[in-house]
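What follows is input-v4.pdb (PDB, C-alpha atoms and all ligand atoms).
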```
ATOM      1  CA  MET K 105     -11.322  21.501  -0.602  1.00  0.00           C
ATOM      2  CA  THR K 106     -10.094  24.018  -3.169  1.00  0.00           C
ATOM      3  CA  GLU K 107     -11.907  27.239  -4.030  1.00  0.00           C
ATOM      4  CA  LEU K 108     -12.771  26.881  -7.743  1.00  0.00           C
ATOM      5  CA  VAL K 109     -12.182  30.413  -8.990  1.00  0.00           C
ATOM      6  CA  TYR K 110     -12.481  29.404 -12.676  1.00  0.00           C
ATOM      7  CA  LEU K 111     -16.216  28.883 -12.097  1.00  0.00           C
ATOM      8  CA  SER K 112     -16.797  32.597 -11.648  1.00  0.00           C
ATOM      9  CA  ASP K 113     -14.537  34.046 -14.366  1.00  0.00           C
ATOM     10  CA  THR K 114     -13.488  32.287 -17.573  1.00  0.00           C
ATOM     11  CA  TYR K 115     -11.131  35.130 -18.480  1.00  0.00           C
ATOM     12  CA  LEU K 116      -9.148  35.284 -15.242  1.00  0.00           C
ATOM     13  CA  PHE K 117      -5.745  33.995 -16.352  1.00  0.00           C
ATOM     14  CA  GLU K 118      -3.628  34.966 -13.314  1.00  0.00           C
ATOM     15  CA  ILE K 119      -4.205  35.058  -9.550  1.00  0.00           C
ATOM     16  CA  ASP K 120      -2.266  34.619  -6.314  1.00  0.00           C
ATOM     17  CA  ALA K 121      -2.949  31.642  -4.053  1.00  0.00           C
ATOM     18  CA  LYS K 122      -1.417  29.789  -1.110  1.00  0.00           C
ATOM     19  CA  VAL K 123       0.137  26.317  -1.179  1.00  0.00           C
ATOM     20  CA  SER K 124      -1.851  23.965   1.068  1.00  0.00           C
ATOM     21  CA  SER K 125       0.453  20.978   0.492  1.00  0.00           C
ATOM     22  CA  VAL K 126       2.822  19.258  -1.915  1.00  0.00           C
ATOM     23  CA  GLU K 127       2.087  15.550  -2.359  1.00  0.00           C
ATOM     24  CA  ASN K 128       4.048  12.661  -3.805  1.00  0.00           C
ATOM     25  CA  THR K 129       1.515  10.408  -5.478  1.00  0.00           C
ATOM     26  CA  GLU K 130       1.704   7.383  -7.754  1.00  0.00           C
ATOM     27  CA  ASN K 131       0.763   9.784 -10.561  1.00  0.00           C
ATOM     28  CA  GLY K 132       3.674  12.092  -9.759  1.00  0.00           C
ATOM     29  CA  ILE K 133       4.122  15.257  -7.712  1.00  0.00           C
ATOM     30  CA  ALA K 134       0.971  17.254  -7.010  1.00  0.00           C
ATOM     31  CA  VAL K 135       0.517  20.763  -5.632  1.00  0.00           C
ATOM     32  CA  ILE K 136      -2.652  21.531  -3.672  1.00  0.00           C
ATOM     33  CA  LEU K 137      -3.697  25.183  -3.288  1.00  0.00           C
ATOM     34  CA  ASP K 138      -6.317  27.068  -1.271  1.00  0.00           C
ATOM     35  CA  LYS K 139      -7.829  28.274  -4.559  1.00  0.00           C
ATOM     36  CA  THR K 140      -7.226  27.775  -8.260  1.00  0.00           C
ATOM     37  CA  ILE K 141      -7.937  29.078 -11.737  1.00  0.00           C
ATOM     38  CA  PHE K 142      -6.765  25.769 -13.293  1.00  0.00           C
ATOM     39  CA  TYR K 143      -9.699  23.882 -14.786  1.00  0.00           C
ATOM     40  CA  PRO K 144      -9.514  20.189 -13.868  1.00  0.00           C
ATOM     41  CA  GLN K 145     -10.497  17.800 -16.633  1.00  0.00           C
ATOM     42  CA  GLY K 146     -14.173  16.860 -16.569  1.00  0.00           C
ATOM     43  CA  GLY K 147     -17.556  17.395 -18.176  1.00  0.00           C
ATOM     44  CA  GLY K 148     -16.055  16.833 -21.624  1.00  0.00           C
ATOM     45  CA  GLN K 149     -13.577  19.715 -21.219  1.00  0.00           C
ATOM     46  CA  PRO K 150      -9.785  19.232 -20.994  1.00  0.00           C
ATOM     47  CA  TYR K 151      -7.679  20.608 -18.130  1.00  0.00           C
ATOM     48  CA  ASP K 152      -5.757  23.872 -18.228  1.00  0.00           C
ATOM     49  CA  LEU K 153      -1.993  24.047 -18.523  1.00  0.00           C
ATOM     50  CA  GLY K 154       0.248  26.677 -16.987  1.00  0.00           C
ATOM     51  CA  GLU K 155       2.597  27.521 -14.167  1.00  0.00           C
ATOM     52  CA  ILE K 156       2.604  28.032 -10.387  1.00  0.00           C
ATOM     53  CA  VAL K 157       5.395  30.450  -9.455  1.00  0.00           C
ATOM     54  CA  SER K 158       7.079  31.680  -6.275  1.00  0.00           C
ATOM     55  CA  GLY K 159      10.133  33.869  -6.927  1.00  0.00           C
ATOM     56  CA  THR K 160      12.588  31.841  -9.015  1.00  0.00           C
ATOM     57  CA  ASN K 161      10.874  28.564  -8.164  1.00  0.00           C
ATOM     58  CA  SER K 162       8.095  27.272 -10.304  1.00  0.00           C
ATOM     59  CA  PHE K 163       5.897  24.264 -10.872  1.00  0.00           C
ATOM     60  CA  ILE K 164       4.937  23.451 -14.444  1.00  0.00           C
ATOM     61  CA  VAL K 165       1.355  22.158 -14.430  1.00  0.00           C
ATOM     62  CA  GLU K 166       0.998  19.202 -16.807  1.00  0.00           C
ATOM     63  CA  SER K 167      -2.442  17.888 -15.798  1.00  0.00           C
ATOM     64  CA  VAL K 168      -5.185  18.827 -13.351  1.00  0.00           C
ATOM     65  CA  ARG K 169      -7.797  16.663 -11.611  1.00  0.00           C
ATOM     66  CA  LEU K 170     -10.635  17.298  -9.188  1.00  0.00           C
ATOM     67  CA  ASP K 171     -11.281  14.602  -6.573  1.00  0.00           C
ATOM     68  CA  GLU K 172     -14.605  13.652  -4.999  1.00  0.00           C
ATOM     69  CA  LYS K 173     -13.850  15.816  -1.945  1.00  0.00           C
ATOM     70  CA  GLY K 174     -13.580  18.942  -4.073  1.00  0.00           C
ATOM     71  CA  THR K 175      -9.770  19.182  -3.952  1.00  0.00           C
ATOM     72  CA  VAL K 176      -7.926  20.129  -7.135  1.00  0.00           C
ATOM     73  CA  TRP K 177      -4.669  18.247  -7.767  1.00  0.00           C
ATOM     74  CA  HIS K 178      -2.156  20.083  -9.968  1.00  0.00           C
ATOM     75  CA  PHE K 179       0.258  17.464 -11.333  1.00  0.00           C
ATOM     76  CA  GLY K 180       3.577  18.424 -12.889  1.00  0.00           C
ATOM     77  CA  ARG K 181       7.234  19.134 -12.220  1.00  0.00           C
ATOM     78  CA  PHE K 182       9.353  21.653 -10.334  1.00  0.00           C
ATOM     79  CA  ILE K 183      11.896  24.008 -11.874  1.00  0.00           C
ATOM     80  CA  ASN K 184      14.629  24.981  -9.334  1.00  0.00           C
ATOM     81  CA  GLU K 185      13.488  24.551  -5.708  1.00  0.00           C
ATOM     82  CA  GLU K 186      10.261  22.909  -4.616  1.00  0.00           C
ATOM     83  CA  LEU K 187       7.371  24.943  -3.246  1.00  0.00           C
ATOM     84  CA  SER K 188       6.376  24.517   0.398  1.00  0.00           C
ATOM     85  CA  GLU K 189       3.200  24.614   2.426  1.00  0.00           C
ATOM     86  CA  GLY K 190       2.188  28.209   3.186  1.00  0.00           C
ATOM     87  CA  ASP K 191       4.048  29.731   0.207  1.00  0.00           C
ATOM     88  CA  THR K 192       2.223  32.501  -1.601  1.00  0.00           C
ATOM     89  CA  VAL K 193       2.335  31.682  -5.296  1.00  0.00           C
ATOM     90  CA  SER K 194       1.252  33.235  -8.583  1.00  0.00           C
ATOM     91  CA  LEU K 195      -0.883  31.082 -10.846  1.00  0.00           C
ATOM     92  CA  CYS K 196      -0.764  31.615 -14.584  1.00  0.00           C
ATOM     93  CA  ILE K 197      -2.750  29.531 -17.025  1.00  0.00           C
ATOM     94  CA  ASN K 198      -2.261  29.120 -20.773  1.00  0.00           C
ATOM     95  CA  LYS K 199      -4.662  31.758 -22.054  1.00  0.00           C
ATOM     96  CA  ALA K 200      -5.057  30.488 -25.633  1.00  0.00           C
ATOM     97  CA  ARG K 201      -5.899  26.967 -24.433  1.00  0.00           C
ATOM     98  CA  ARG K 202      -8.477  28.206 -21.890  1.00  0.00           C
ATOM     99  CA  VAL K 203     -10.169  30.483 -24.440  1.00  0.00           C
ATOM    100  CA  LEU K 204     -10.284  27.750 -27.105  1.00  0.00           C
ATOM    101  CA  ASN K 205     -11.653  25.166 -24.638  1.00  0.00           C
ATOM    102  CA  SER K 206     -14.327  27.609 -23.445  1.00  0.00           C
ATOM    103  CA  ARG K 207     -15.384  28.495 -27.000  1.00  0.00           C
ATOM    104  CA  LEU K 208     -15.604  24.796 -27.905  1.00  0.00           C
ATOM    105  CA  HIS K 209     -17.594  23.988 -24.756  1.00  0.00           C
ATOM    106  CA  SER K 210     -20.037  26.861 -25.324  1.00  0.00           C
ATOM    107  CA  ALA K 211     -20.373  25.809 -28.980  1.00  0.00           C
ATOM    108  CA  GLY K 212     -21.537  22.366 -27.818  1.00  0.00           C
ATOM    109  CA  HIS K 213     -24.210  23.969 -25.618  1.00  0.00           C
ATOM    110  CA  LEU K 214     -25.280  26.313 -28.439  1.00  0.00           C
ATOM    111  CA  ILE K 215     -25.776  23.346 -30.804  1.00  0.00           C
ATOM    112  CA  ASP K 216     -28.243  22.008 -28.190  1.00  0.00           C
ATOM    113  CA  CYS K 217     -30.050  25.361 -28.347  1.00  0.00           C
ATOM    114  CA  ALA K 218     -30.225  25.164 -32.153  1.00  0.00           C
ATOM    115  CA  ILE K 219     -31.594  21.604 -31.962  1.00  0.00           C
ATOM    116  CA  SER K 220     -34.353  22.824 -29.639  1.00  0.00           C
ATOM    117  CA  GLU K 221     -35.064  25.867 -31.876  1.00  0.00           C
ATOM    118  CA  LEU K 222     -35.455  23.470 -34.814  1.00  0.00           C
ATOM    119  CA  LYS K 223     -37.886  21.446 -32.646  1.00  0.00           C
ATOM    120  CA  ILE K 224     -36.052  18.182 -33.235  1.00  0.00           C
ATOM    121  CA  ASN K 225     -37.750  16.611 -30.264  1.00  0.00           C
ATOM    122  CA  SER K 226     -36.496  13.107 -31.015  1.00  0.00           C
ATOM    123  CA  LEU K 227     -33.019  14.109 -29.768  1.00  0.00           C
ATOM    124  CA  ILE K 228     -32.332  14.106 -26.021  1.00  0.00           C
ATOM    125  CA  PRO K 229     -28.908  15.557 -25.059  1.00  0.00           C
ATOM    126  CA  MET K 230     -26.603  12.885 -23.582  1.00  0.00           C
ATOM    127  CA  LYS K 231     -23.022  14.066 -23.535  1.00  0.00           C
ATOM    128  CA  GLY K 232     -20.518  16.430 -25.041  1.00  0.00           C
ATOM    129  CA  PHE K 233     -16.863  16.037 -25.961  1.00  0.00           C
ATOM    130  CA  HIS K 234     -15.429  19.546 -26.231  1.00  0.00           C
ATOM    131  CA  PHE K 235     -11.749  18.749 -26.816  1.00  0.00           C
ATOM    132  CA  SER K 236     -10.061  20.494 -29.733  1.00  0.00           C
ATOM    133  CA  GLU K 237      -9.433  17.073 -31.329  1.00  0.00           C
ATOM    134  CA  GLY K 238     -12.771  16.037 -32.829  1.00  0.00           C
ATOM    135  CA  PRO K 239     -15.413  17.748 -30.661  1.00  0.00           C
ATOM    136  CA  TYR K 240     -18.979  16.414 -30.777  1.00  0.00           C
ATOM    137  CA  VAL K 241     -22.300  16.365 -28.940  1.00  0.00           C
ATOM    138  CA  GLU K 242     -24.214  13.135 -28.630  1.00  0.00           C
ATOM    139  CA  TYR K 243     -27.952  12.538 -28.303  1.00  0.00           C
ATOM    140  CA  ASP K 244     -30.282   9.746 -27.397  1.00  0.00           C
ATOM    141  CA  GLY K 245     -32.587   9.260 -30.401  1.00  0.00           C
ATOM    142  CA  VAL K 246     -32.235   9.312 -34.164  1.00  0.00           C
ATOM    143  CA  VAL K 247     -33.025  11.700 -37.020  1.00  0.00           C
ATOM    144  CA  GLU K 248     -33.702  11.160 -40.720  1.00  0.00           C
ATOM    145  CA  ASN K 249     -31.961  12.975 -43.576  1.00  0.00           C
ATOM    146  CA  THR K 250     -28.764  13.704 -41.702  1.00  0.00           C
ATOM    147  CA  ASN K 251     -27.147  15.222 -44.802  1.00  0.00           C
ATOM    148  CA  ASP K 252     -29.892  17.850 -45.121  1.00  0.00           C
ATOM    149  CA  LEU K 253     -29.744  18.562 -41.412  1.00  0.00           C
ATOM    150  CA  ILE K 254     -26.042  19.510 -41.535  1.00  0.00           C
ATOM    151  CA  SER K 255     -26.634  22.801 -43.354  1.00  0.00           C
ATOM    152  CA  ILE K 256     -29.954  23.534 -41.607  1.00  0.00           C
ATOM    153  CA  LEU K 257     -28.321  23.097 -38.194  1.00  0.00           C
ATOM    154  CA  GLU K 258     -25.204  25.027 -39.194  1.00  0.00           C
ATOM    155  CA  ASP K 259     -27.327  27.975 -40.386  1.00  0.00           C
ATOM    156  CA  LYS K 260     -29.447  27.944 -37.226  1.00  0.00           C
ATOM    157  CA  VAL K 261     -26.554  27.694 -34.769  1.00  0.00           C
ATOM    158  CA  ASN K 262     -24.673  30.534 -36.496  1.00  0.00           C
ATOM    159  CA  ILE K 263     -27.767  32.736 -36.308  1.00  0.00           C
ATOM    160  CA  LEU K 264     -27.611  32.150 -32.538  1.00  0.00           C
ATOM    161  CA  VAL K 265     -23.863  32.978 -32.561  1.00  0.00           C
ATOM    162  CA  ASN K 266     -24.594  36.269 -34.325  1.00  0.00           C
ATOM    163  CA  LEU K 267     -27.427  37.166 -31.932  1.00  0.00           C
ATOM    164  CA  ASN K 268     -24.693  37.619 -29.307  1.00  0.00           C
ATOM    165  CA  LEU K 269     -26.752  35.834 -26.642  1.00  0.00           C
ATOM    166  CA  PRO K 270     -25.429  36.267 -23.101  1.00  0.00           C
ATOM    167  CA  VAL K 271     -24.495  33.149 -21.128  1.00  0.00           C
ATOM    168  CA  GLU K 272     -26.264  32.955 -17.763  1.00  0.00           C
ATOM    169  CA  ILE K 273     -24.788  30.987 -14.894  1.00  0.00           C
ATOM    170  CA  ASN K 274     -26.892  30.127 -11.865  1.00  0.00           C
ATOM    171  CA  THR K 275     -25.694  28.322  -8.779  1.00  0.00           C
ATOM    172  CA  SER K 276     -28.880  28.550  -6.755  1.00  0.00           C
ATOM    173  CA  CYS K 277     -30.275  25.127  -5.968  1.00  0.00           C
ATOM    174  CA  CYS K 278     -33.933  26.139  -5.942  1.00  0.00           C
ATOM    175  CA  ASN K 279     -34.467  25.172  -9.576  1.00  0.00           C
ATOM    176  CA  VAL K 280     -33.035  21.661  -9.303  1.00  0.00           C
ATOM    177  CA  ASP K 281     -36.390  19.848  -9.127  1.00  0.00           C
ATOM    178  CA  LYS K 282     -37.983  22.075 -11.700  1.00  0.00           C
ATOM    179  CA  ILE K 283     -35.476  21.247 -14.401  1.00  0.00           C
ATOM    180  CA  ASN K 284     -34.957  17.683 -13.231  1.00  0.00           C
ATOM    181  CA  ILE K 285     -31.184  17.564 -12.871  1.00  0.00           C
ATOM    182  CA  ASN K 286     -29.341  15.783 -10.088  1.00  0.00           C
ATOM    183  CA  ALA K 287     -26.258  17.565  -8.789  1.00  0.00           C
ATOM    184  CA  PRO K 288     -23.360  15.394  -7.540  1.00  0.00           C
ATOM    185  CA  ALA K 289     -23.408  14.745  -3.772  1.00  0.00           C
ATOM    186  CA  GLY K 290     -21.983  17.608  -1.742  1.00  0.00           C
ATOM    187  CA  LYS K 291     -21.636  19.909  -4.736  1.00  0.00           C
ATOM    188  CA  THR K 292     -23.576  23.082  -5.330  1.00  0.00           C
ATOM    189  CA  PRO K 293     -25.586  22.605  -8.493  1.00  0.00           C
ATOM    190  CA  ARG K 294     -24.509  24.946 -11.287  1.00  0.00           C
ATOM    191  CA  PHE K 295     -26.612  25.643 -14.328  1.00  0.00           C
ATOM    192  CA  VAL K 296     -25.531  27.251 -17.549  1.00  0.00           C
ATOM    193  CA  ASN K 297     -27.799  28.579 -20.278  1.00  0.00           C
ATOM    194  CA  PHE K 298     -27.843  30.958 -23.199  1.00  0.00           C
ATOM    195  CA  LEU K 299     -30.458  33.674 -22.608  1.00  0.00           C
ATOM    196  CA  GLY K 300     -33.897  32.316 -23.435  1.00  0.00           C
ATOM    197  CA  PHE K 301     -32.823  28.653 -23.510  1.00  0.00           C
ATOM    198  CA  LYS K 302     -33.114  25.787 -21.068  1.00  0.00           C
ATOM    199  CA  PRO K 303     -30.410  25.572 -18.367  1.00  0.00           C
ATOM    200  CA  CYS K 304     -28.051  22.615 -18.368  1.00  0.00           C
ATOM    201  CA  GLY K 305     -26.107  21.275 -15.371  1.00  0.00           C
ATOM    202  CA  CYS K 306     -22.457  22.106 -16.126  1.00  0.00           C
ATOM    203  CA  GLY K 307     -19.189  22.764 -14.260  1.00  0.00           C
ATOM    204  CA  GLY K 308     -17.239  23.978 -17.291  1.00  0.00           C
ATOM    205  CA  THR K 309     -15.894  27.338 -18.399  1.00  0.00           C
ATOM    206  CA  HIS K 310     -17.887  29.319 -20.953  1.00  0.00           C
ATOM    207  CA  VAL K 311     -17.719  32.437 -23.064  1.00  0.00           C
ATOM    208  CA  ASN K 312     -19.768  35.419 -21.861  1.00  0.00           C
ATOM    209  CA  TYR K 313     -21.610  35.984 -25.167  1.00  0.00           C
ATOM    210  CA  SER K 314     -22.340  33.601 -28.044  1.00  0.00           C
ATOM    211  CA  SER K 315     -20.479  35.774 -30.583  1.00  0.00           C
ATOM    212  CA  GLU K 316     -17.214  34.993 -28.762  1.00  0.00           C
ATOM    213  CA  ILE K 317     -17.516  31.403 -30.058  1.00  0.00           C
ATOM    214  CA  GLY K 318     -17.012  32.486 -33.674  1.00  0.00           C
ATOM    215  CA  LYS K 319     -18.406  30.570 -36.633  1.00  0.00           C
ATOM    216  CA  ILE K 320     -19.468  26.971 -35.884  1.00  0.00           C
ATOM    217  CA  ILE K 321     -19.033  24.334 -38.594  1.00  0.00           C
ATOM    218  CA  ILE K 322     -21.209  21.215 -38.419  1.00  0.00           C
ATOM    219  CA  ARG K 323     -18.823  18.602 -39.796  1.00  0.00           C
ATOM    220  CA  LYS K 324     -20.814  15.397 -39.616  1.00  0.00           C
ATOM    221  CA  ILE K 325     -24.087  13.978 -38.277  1.00  0.00           C
ATOM    222  CA  LYS K 326     -24.232  10.249 -37.661  1.00  0.00           C
ATOM    223  CA  SER K 327     -27.567   8.772 -36.586  1.00  0.00           C
ATOM    224  CA  LYS K 328     -27.819   5.045 -35.903  1.00  0.00           C
ATOM    225  CA  LYS K 329     -28.535   2.430 -33.242  1.00  0.00           C
ATOM    226  CA  GLY K 330     -30.692   4.846 -31.265  1.00  0.00           C
ATOM    227  CA  ARG K 331     -28.025   7.561 -31.037  1.00  0.00           C
ATOM    228  CA  THR K 332     -27.050  10.674 -32.937  1.00  0.00           C
ATOM    229  CA  LYS K 333     -23.564  12.152 -32.917  1.00  0.00           C
ATOM    230  CA  ILE K 334     -23.035  15.674 -34.201  1.00  0.00           C
ATOM    231  CA  SER K 335     -19.390  16.528 -34.878  1.00  0.00           C
ATOM    232  CA  TYR K 336     -18.437  20.177 -35.083  1.00  0.00           C
ATOM    233  CA  SER K 337     -15.532  22.577 -35.182  1.00  0.00           C
ATOM    234  CA  ILE K 338     -15.092  26.328 -34.773  1.00  0.00           C
ATOM    235  CA  LEU K 339     -13.265  28.830 -36.949  1.00  0.00           C
TER     236      LEU K 339
HETATM  237 ZN    ZN Z   1     -21.264  21.889 -20.308  1.00  0.00          ZN
END
```

Starting from the file, lay out its structure as structure tokens.
Ligand SMILES: [Zn+2]
Amino acid sequence: MTELVYLSDTYLFEIDAKVSSVENTENGIAVILDKTIFYPQGGGQPYDLGEIVSGTNSFIVESVRLDEKGTVWHFGRFINEELSEGDTVSLCINKARRVLNSRLHSAGHLIDCAISELKINSLIPMKGFHFSEGPYVEYDGVVENTNDLISILEDKVNILVNLNLPVEINTSCCNVDKININAPAGKTPRFVNFLGFKPCGCGGTHVNYSSEIGKIIIRKIKSKKGRTKISYSIL
């Protein structure tokens, strides 16, 4: 099991860790550490890229996955010598990618907040895709007049951006029943919300305040066959 340090600080781009093992897998070489700041792909957010360094030896991280036991697998390739079990290493993630992914992920959550502020009760949040290529949030349910809604929603969500709402993160499990979310087996439930809005079960990285997202553009709203997809981007 790997300590998931990225859960407690989005803006921690470098830390030291210890190599637990180096594995040869069918997906390539993987480095396992006692703790990590590398976000593993999941929850609609892409993995971090970066480097794991010990002296002149380094491991270029090309993809990151979290398994069902809570272990993070850093896949990639070695430069110079390989790392060994017990080595103390420095982890460095690509800062621009982490910040962009966090802003996009938080933007998806803030669109949910705007939908609830607008009292569009026909839309039930289903999933989010927060990749920089074509991000969207998807809902169960349909809405009428999607063209009108684009500017109404864009205005509302940017009011929430400008209010500079703090993001609250709660890992206590006492609220699980109350807000009706099932956490994955063996995992501590983690809830994320903008101040004053409903928490949402989420293991992603987020900005600390809504203004860090920047302006949100609602690009398209498609509502058909019982589902509504809201595509967005950020400036
Ligand atoms: Zn999320």

For this session: Using all atoms listed in the file, find the one residue out of K:Gly238, K:Gly305, K:Gly330, K:Pro144 that sits nearest to ligand ZN 1 (chain Z).
Result: K:Gly305

Problem set entry | Residue members of the PyMOL selection byres (((chain K and resi 118) around 9) and not hetatm) in the file shown, as an MDAnalysis selection string | chainID K and resid 116:117 119:120 141 194:197

For this session: Please give me, as a VMD selection string, the residues lying within 12 Å of ligand ZN 1 (chain Z) when counting all atoms listed in the file.
Result: chain K and resid 111 146 to 150 205 to 216 229 to 235 241 271 273 294 to 298 303 to 311

For this session: Could you tell me which residues the PyMOL selection byres (((chain K and resi 169) around 8) and not hetatm) returns for this structure, as number ranges by chain?
Result: K: 144-145, 151, 167-168, 170-171, 176-178

Take the residues just selected and output them with C-alpha atoms as a PDB file, keeping the file's coordinate frame.
```pdb
ATOM      1  CA  PRO K 144      -9.514  20.189 -13.868  1.00  0.00           C
ATOM      2  CA  GLN K 145     -10.497  17.800 -16.633  1.00  0.00           C
ATOM      3  CA  TYR K 151      -7.679  20.608 -18.130  1.00  0.00           C
ATOM      4  CA  SER K 167      -2.442  17.888 -15.798  1.00  0.00           C
ATOM      5  CA  VAL K 168      -5.185  18.827 -13.351  1.00  0.00           C
ATOM      6  CA  LEU K 170     -10.635  17.298  -9.188  1.00  0.00           C
ATOM      7  CA  ASP K 171     -11.281  14.602  -6.573  1.00  0.00           C
ATOM      8  CA  VAL K 176      -7.926  20.129  -7.135  1.00  0.00           C
ATOM      9  CA  TRP K 177      -4.669  18.247  -7.767  1.00  0.00           C
ATOM     10  CA  HIS K 178      -2.156  20.083  -9.968  1.00  0.00           C
TER      11      HIS K 178
END
```

Exercise. When distances are computed from all atoms listed in the file, which of K:Ile334, K:Leu204, K:Leu267, K:Ile164 shows the smallest separation from K:Val246?
Worked result: K:Ile334

For this session: Would you kindly return, as a PyMOL selection string, each protein, DNA or RNA residue with an atom no farther than 8 Å from any atom of stretch 130-137 of chain K, considering only C-alpha atoms and excluding same-chain residues fewer than 5 positions away?
Result: chain K and resi 106+121-125+175-181

For this session: Kindly give the distance, in Å, that separates atom CA of K:Ile256 and atom CA of K:Gly300, rounded to a single decimal.
Result: 20.6 Å

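For the pair atom CA of K:Ser236 and atom CA of K:Met105, the interatomic distance is 29.2 Å.
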
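Among the candidate residues K:Tyr143, K:Phe163, K:Glu127, K:Val265, the one lying nearest to K:Glu189 is K:Glu127, with distances computed using only C-alpha atoms.
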